[in-house]
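Student: This is the structure, below, for whatever I ask next.
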Amino acid sequence: MASLYKQRYTTKIPANAEIIKKDGKKKVRLVGRDGKTKMLDFVRGRDGSGRMVDYSPNWMINYVDYDGRRRVKSTGCRDKTAARQIMAQLELEVEQVRSGVLSRRELRLAEYRIASIEELIQDYLTHLAVKTVKGRRVSKAYRRGSEQRLRQILEECHFRTLDDVNREGVENWMFLTEKNGKGPRTVNCYRTAILAFCNWAVKYQRLASNPLAGLFRADESHDIRHQRRALTEGEVSRLLKAAELRPIAEYGREIVKLTTKTRNGRRKWKRLPLTWENLDDCYARGLEAMKNSPRKIKEYRRIGRQRKLAYRVLLTTGLRRGELAAVTVDCLHLDAERPFLLLPGSFTKNGQTATIPLRAEITEAVRSWIDEMGLFSLDPVFDPIPTIRNFDADIAAANIPKRDERNRVVDIHALRHTFGTHLARAGVAPRTAMAAMRHSKIELTMNVYTDPALLDVAGAVDSLPAF
C-alpha cells in the first residue's frame with residue numbers, strides 16, 4: 001500500500017518567533033510569509049540549541065514499485081487531493097507492469113517525461129565526464145560550455161521537464177535570439193547543446209524519440225563574425241621579432257606623467273604602449289634596467305625565444321594550438337632522413353596519427369632548443385604554449401591590426417590559415433595542400449584556409465595570352 005506524508009525536518013528558530021508553552025509542551029509561534037500564524041514543535045538540536053520542527057510544503061509518496069522495492073517520491077503538489085490522484089495513478093502503473101499490461105520501459109519513459117529536468121542534466125553531465133571521443137575524454141572546457149548553454153536555453157524556453165521540450169519553442173527561441181543581436185554561429189552552438197542532450201536522452205531511454213528531430217540550423221553564411229585572415233610575409237617577420245624582444249622590451253617602455261585631466265584615480269604616471277617603432281629602443285632600455293639581474297635577462301630571453309620558436313613551428317607545420325601543446329620530445333624524429341613530427345591520434349582533431357614533415361631550419365632550431373633546455377623523451381617541448389593574451393600583445397607590438405578592413409581577425413589559429421594560404425601562393429597542388437593541412441575535404445582547404453587577399457589574382461590574369 002502506498003501512503004502520503006510530508007517530509008519532517010528541523011530548522012533554526014527565526015528572530016521574530018516566540019517560544020510559548022501549550023498543553024504542557026514548548027511551541028514556537030511565528031508569522032509565516034503568507035501572513036498566517038504558525039505553531040510548530042520546539043526541539044533541541046545536537047549542539048543543545050533550540051530548533052523548530054517544520055514540514056516540506058509538498059506531499060511525498062511512500063510506495064512499493066513493480067520490483068518489490070520500497071521507494072519515496074515527491075508528488076510536487078501542496079494540495080492533498082491532487083497528491084492522492086498522483087498516488088492512485090502511480091499504484092495503477094505498478095499494477096499494470098506487474099500484470100504485463102505495461103512494459104517496464106514504457107513506465108520508465110513515462111516517469112522520465114515528468115521528472116525534474118535538473119536530475120537529467122546531472123545524469124547527462126556525468127555521461128560527458130566519462131565519454132571518450134576518438135580515444136580522448138571530453139574536455140572540462142567543453143563540458144562547462146555545454147552545461148552553460150544547455151541550462152540557458154532550457155531556462156529561457158521555460159522547459160521544466162522533458163515533456164515540455166518541443167521543436168516550436170526552440171525555433172522561436174533561435175529566431176528571437178538572433179533578432180536580438182546574437183550571431184547565427186552562436187545560436188547554432190546553443191542548438192547543438194540541446195540537440196545533443198535530447199539525443200542522449202533517446203539513446204539512454206529517457207525519451208522514446210527526439211522532439212527536436214529536424215530542427216533547422218541558423219544560416220551562418222550571411223553573418224560571419226569571426227573570419228580569420230592570413231598574415232603577409234612582412235607581418236610574419238615583424239611578429240617573430242616582436243615575440244622574441246617583447247618580454248624584455250616591456251621593462252623598457254617609457255614613463256609619462258599624467259595631467260590632472262588625464263589622470264584616472266591616484267596614479268600620476270603610466271607606461272607608453274609598445275609599438276613597432278619603439279620596440280628596439282624599449283628593448284635596449286629594458287636590458288639597461290635589468291643589467292644588475294643577469295639571471296632575469298636570461299630567463300626573459302628564454303621566454304621570447306621559446307615563443308618565437310612556437311610561432312615558427314605553427315607557421316611551417318599548420319599545427320593547431322592544442323596539438324602544439326601535446327608535442328613531446330619522443331614525438332620528434334629529428335635524425336630521420338626526412339625529419340618529421342609524429343603526432344598520436346589521441347591529440348589530433350580527426351583522431352588519426354599524423355606524420356608532419358619539418359623544414360631543415362625548424363629541425364635545427366628545435367634540436368638546439370631541446371639540447372639547451374635538457375629535455376627528456378616525455379617532456380613537452382613548448383611549455384607553456386603562447387596564450388591568447390600573449391599573442392594579442394605580440395601582434396600589437398608588431399603593428400599588426402587585430403581586424404583588417406574586411407573585418408577579418410588575426411588570432412593564434414590564423415597562423416594555420418597563414419600556412420594554408422602560403423601553400424597556395426607557392427603553387428602547391430590543392431590535393432597536396434589538403435594533405436598538409438590534414439583536411440577531409442578539399443573545399444575546407446581552398447575556401448576557408450586560403451585567404452584570397454594574398455593570392456596574386458592580377459598576376460594570374462596577366463599570365464594569359466594576348467587573345
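Note on naming: chains are A, B, ... as they come in the C-alpha cells, residues start from 1 per chain, ligands start from 1 in the order shown.
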Apply DSSP to the structure's backbone, then extract all residues of stretch 78-297 of chain A labelled strand (DSSP E or B) and return them as a CSV table (one decimal) with C-alpha atoms, in the first residue's frame.
Tutor:
```csv
chain,number,residue,atom,x,y,z
A,132,THR,CA,35.5,9.3,-24.9
A,133,VAL,CA,35.7,10.5,-28.5
A,136,ARG,CA,40.1,11.2,-25.8
A,137,ARG,CA,38.0,12.2,-22.8
A,228,ARG,CA,40.3,34.8,-39.9
A,255,ILE,CA,57.1,56.5,-18.5
A,256,VAL,CA,55.0,59.7,-19.0
A,257,LYS,CA,53.4,61.8,-16.3
A,269,TRP,CA,52.2,58.2,-14.4
A,270,LYS,CA,51.8,55.5,-17.0
A,271,ARG,CA,53.9,53.5,-19.4
```
Student: As an MDAnalysis selection string, please: the residues near stretch 305-315 of chain A (cut-off 8 Å, only C-alpha atoms, same-chain neighbours under 5 positions excluded).
Tutor: chainID A and resid 240:241 243:244 320:321 324 362 365:366 382 385:386 415:416 418:419
Student: Deliver the residues from the most recent selection as a file, using C-alpha atoms, as a PDB file, in the first residue's frame.
Tutor:
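Heads up, here's the output in again.pdb:
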```
ATOM      1  CA  LEU A 240      58.574  36.798 -34.850  1.00  0.00           C
ATOM      2  CA  LYS A 241      60.803  39.718 -33.896  1.00  0.00           C
ATOM      3  CA  ALA A 243      57.638  37.809 -29.860  1.00  0.00           C
ATOM      4  CA  GLU A 244      61.374  37.465 -29.183  1.00  0.00           C
ATOM      5  CA  ARG A 320      46.680  23.661 -34.014  1.00  0.00           C
ATOM      6  CA  ARG A 321      47.431  25.253 -30.643  1.00  0.00           C
ATOM      7  CA  LEU A 324      51.385  22.070 -30.247  1.00  0.00           C
ATOM      8  CA  ILE A 362      62.968  24.273 -37.958  1.00  0.00           C
ATOM      9  CA  ALA A 365      66.085  25.198 -34.141  1.00  0.00           C
ATOM     10  CA  VAL A 366      64.044  22.564 -32.281  1.00  0.00           C
ATOM     11  CA  PHE A 382      56.653  24.025 -25.871  1.00  0.00           C
ATOM     12  CA  ILE A 385      52.455  27.479 -25.118  1.00  0.00           C
ATOM     13  CA  PRO A 386      51.603  31.081 -26.107  1.00  0.00           C
ATOM     14  CA  LEU A 415      48.782  31.074 -38.188  1.00  0.00           C
ATOM     15  CA  ARG A 416      47.257  27.852 -39.548  1.00  0.00           C
ATOM     16  CA  THR A 418      48.702  31.605 -42.969  1.00  0.00           C
ATOM     17  CA  PHE A 419      50.251  28.162 -43.515  1.00  0.00           C
TER      18      PHE A 419
END
```
Student: Restricting the calculation to only C-alpha atoms, which member of A:Pro247, A:Pro401, A:Gly135, A:Gly374 is positioned closest to A:Gln352?
Tutor: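 Of A:Pro247, A:Pro401, A:Gly135, A:Gly374, the one nearest A:Gln352, counting only C-alpha atoms, is A:Gly135.
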Student: Find the spatial neighbours of A:Leu162, counting only C-alpha atoms, within a cut-off of 8 Å - ignore same-chain residues fewer than 5 positions away - and output them as a list in words.
Tutor: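 What passes the distance filter is Tyr112, Arg113, Ile114, Ala115, Ile117 and Leu207 of chain A.
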Student: Need to verify the contact set: stretch 63-79 of chain A, 12 Å, only C-alpha atoms, exclusion of same-chain residues closer than 2 positions in sequence. Can you return it as a PyMOL selection string?
Tutor: chain A and resi 1-7+55-61+81-100+102-104+107-108+111+114-116
Student: Let's have the selection written as a compact mmCIF listing (two decimals), in the first residue's frame, with N, CA and C atoms.
Tutor:
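And here is the file that came out, part_28.txt:
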```txt
# COMPACT_ATOMS: atom_id res chain seq x y z
N MET A 1 0.84 -1.21 0.00
CA MET A 1 0.00 0.00 0.00
C MET A 1 0.87 1.24 0.00
N ALA A 2 0.45 2.22 -0.76
CA ALA A 2 1.16 3.50 -0.78
C ALA A 2 0.55 4.43 0.25
N SER A 3 1.38 5.37 0.70
CA SER A 3 0.90 6.33 1.70
C SER A 3 1.47 7.70 1.41
N LEU A 4 0.73 8.73 1.84
CA LEU A 4 1.15 10.11 1.67
C LEU A 4 1.69 10.65 2.99
N TYR A 5 2.71 11.47 2.89
CA TYR A 5 3.21 12.13 4.10
C TYR A 5 4.00 13.37 3.67
N LYS A 6 4.29 14.22 4.64
CA LYS A 6 5.14 15.38 4.39
C LYS A 6 6.46 15.19 5.11
N GLN A 7 7.55 15.55 4.45
CA GLN A 7 8.88 15.35 4.99
C GLN A 7 9.08 16.23 6.22
N TYR A 55 7.68 21.07 8.21
CA TYR A 55 7.38 20.02 7.23
C TYR A 55 7.51 20.59 5.82
N SER A 56 7.91 19.73 4.89
CA SER A 56 8.05 20.15 3.49
C SER A 56 6.70 20.59 2.95
N PRO A 57 6.66 21.57 2.04
CA PRO A 57 5.38 22.04 1.51
C PRO A 57 4.69 21.01 0.61
N ASN A 58 5.49 20.15 -0.05
CA ASN A 58 4.93 19.19 -1.00
C ASN A 58 4.72 17.82 -0.34
N TRP A 59 3.69 17.12 -0.81
CA TRP A 59 3.39 15.78 -0.30
C TRP A 59 4.32 14.76 -0.94
N MET A 60 4.74 13.78 -0.14
CA MET A 60 5.60 12.70 -0.61
C MET A 60 4.79 11.39 -0.66
N ILE A 61 5.19 10.47 -1.56
CA ILE A 61 4.55 9.16 -1.66
C ILE A 61 5.54 8.09 -1.23
N THR A 81 -5.47 16.54 -2.16
CA THR A 81 -6.36 15.86 -3.12
C THR A 81 -5.62 15.56 -4.42
N ALA A 82 -4.84 16.55 -4.90
CA ALA A 82 -4.06 16.34 -6.12
C ALA A 82 -2.99 15.28 -5.89
N ALA A 83 -2.38 15.30 -4.70
CA ALA A 83 -1.35 14.32 -4.37
C ALA A 83 -1.95 12.91 -4.35
N ARG A 84 -3.19 12.76 -3.85
CA ARG A 84 -3.86 11.46 -3.84
C ARG A 84 -4.07 10.93 -5.26
N GLN A 85 -4.41 11.83 -6.18
CA GLN A 85 -4.62 11.42 -7.56
C GLN A 85 -3.32 10.89 -8.18
N ILE A 86 -2.21 11.57 -7.87
CA ILE A 86 -0.91 11.12 -8.39
C ILE A 86 -0.55 9.77 -7.79
N MET A 87 -0.83 9.60 -6.51
CA MET A 87 -0.55 8.33 -5.84
C MET A 87 -1.38 7.20 -6.46
N ALA A 88 -2.64 7.49 -6.75
CA ALA A 88 -3.51 6.48 -7.36
C ALA A 88 -3.00 6.09 -8.75
N GLN A 89 -2.55 7.09 -9.51
CA GLN A 89 -2.01 6.82 -10.84
C GLN A 89 -0.74 5.97 -10.75
N LEU A 90 0.10 6.27 -9.75
CA LEU A 90 1.33 5.53 -9.56
C LEU A 90 1.03 4.07 -9.19
N GLU A 91 0.07 3.86 -8.32
CA GLU A 91 -0.30 2.48 -7.94
C GLU A 91 -0.85 1.72 -9.13
N LEU A 92 -1.65 2.42 -9.98
CA LEU A 92 -2.19 1.78 -11.17
C LEU A 92 -1.07 1.36 -12.12
N GLU A 93 -0.07 2.21 -12.33
CA GLU A 93 1.04 1.88 -13.22
C GLU A 93 1.82 0.68 -12.71
N VAL A 94 2.04 0.63 -11.39
CA VAL A 94 2.75 -0.51 -10.80
C VAL A 94 1.98 -1.81 -11.05
N GLU A 95 0.67 -1.78 -10.87
CA GLU A 95 -0.15 -2.98 -11.11
C GLU A 95 -0.14 -3.37 -12.58
N GLN A 96 -0.14 -2.36 -13.48
CA GLN A 96 -0.12 -2.66 -14.92
C GLN A 96 1.18 -3.33 -15.32
N VAL A 97 2.30 -2.89 -14.72
CA VAL A 97 3.58 -3.52 -15.03
C VAL A 97 3.61 -4.95 -14.50
N ARG A 98 3.12 -5.15 -13.28
CA ARG A 98 3.12 -6.49 -12.69
C ARG A 98 2.25 -7.47 -13.49
N SER A 99 1.16 -6.94 -14.07
CA SER A 99 0.25 -7.81 -14.82
C SER A 99 0.64 -7.93 -16.29
N GLY A 100 1.66 -7.16 -16.72
CA GLY A 100 2.12 -7.26 -18.10
C GLY A 100 1.39 -6.34 -19.06
N LEU A 102 1.58 -3.10 -19.07
CA LEU A 102 2.53 -2.01 -19.37
C LEU A 102 3.95 -2.54 -19.19
N SER A 103 4.83 -2.25 -20.17
CA SER A 103 6.22 -2.72 -20.04
C SER A 103 7.00 -1.80 -19.11
N ARG A 104 8.08 -2.32 -18.57
CA ARG A 104 8.91 -1.50 -17.68
C ARG A 104 9.53 -0.32 -18.41
N LEU A 107 7.01 2.41 -18.68
CA LEU A 107 6.81 3.08 -17.40
C LEU A 107 7.97 4.03 -17.09
N ARG A 108 9.20 3.55 -17.37
CA ARG A 108 10.36 4.42 -17.14
C ARG A 108 10.29 5.67 -17.99
N GLU A 111 7.93 8.05 -16.48
CA GLU A 111 8.48 8.69 -15.29
C GLU A 111 9.47 9.79 -15.66
N ILE A 114 8.07 13.32 -16.93
CA ILE A 114 7.56 14.31 -15.97
C ILE A 114 8.54 14.58 -14.85
N ALA A 115 9.73 13.94 -14.89
CA ALA A 115 10.73 14.17 -13.85
C ALA A 115 11.35 15.55 -14.01
N SER A 116 11.91 16.09 -12.92
CA SER A 116 12.60 17.37 -12.98
C SER A 116 13.77 17.29 -13.94
```
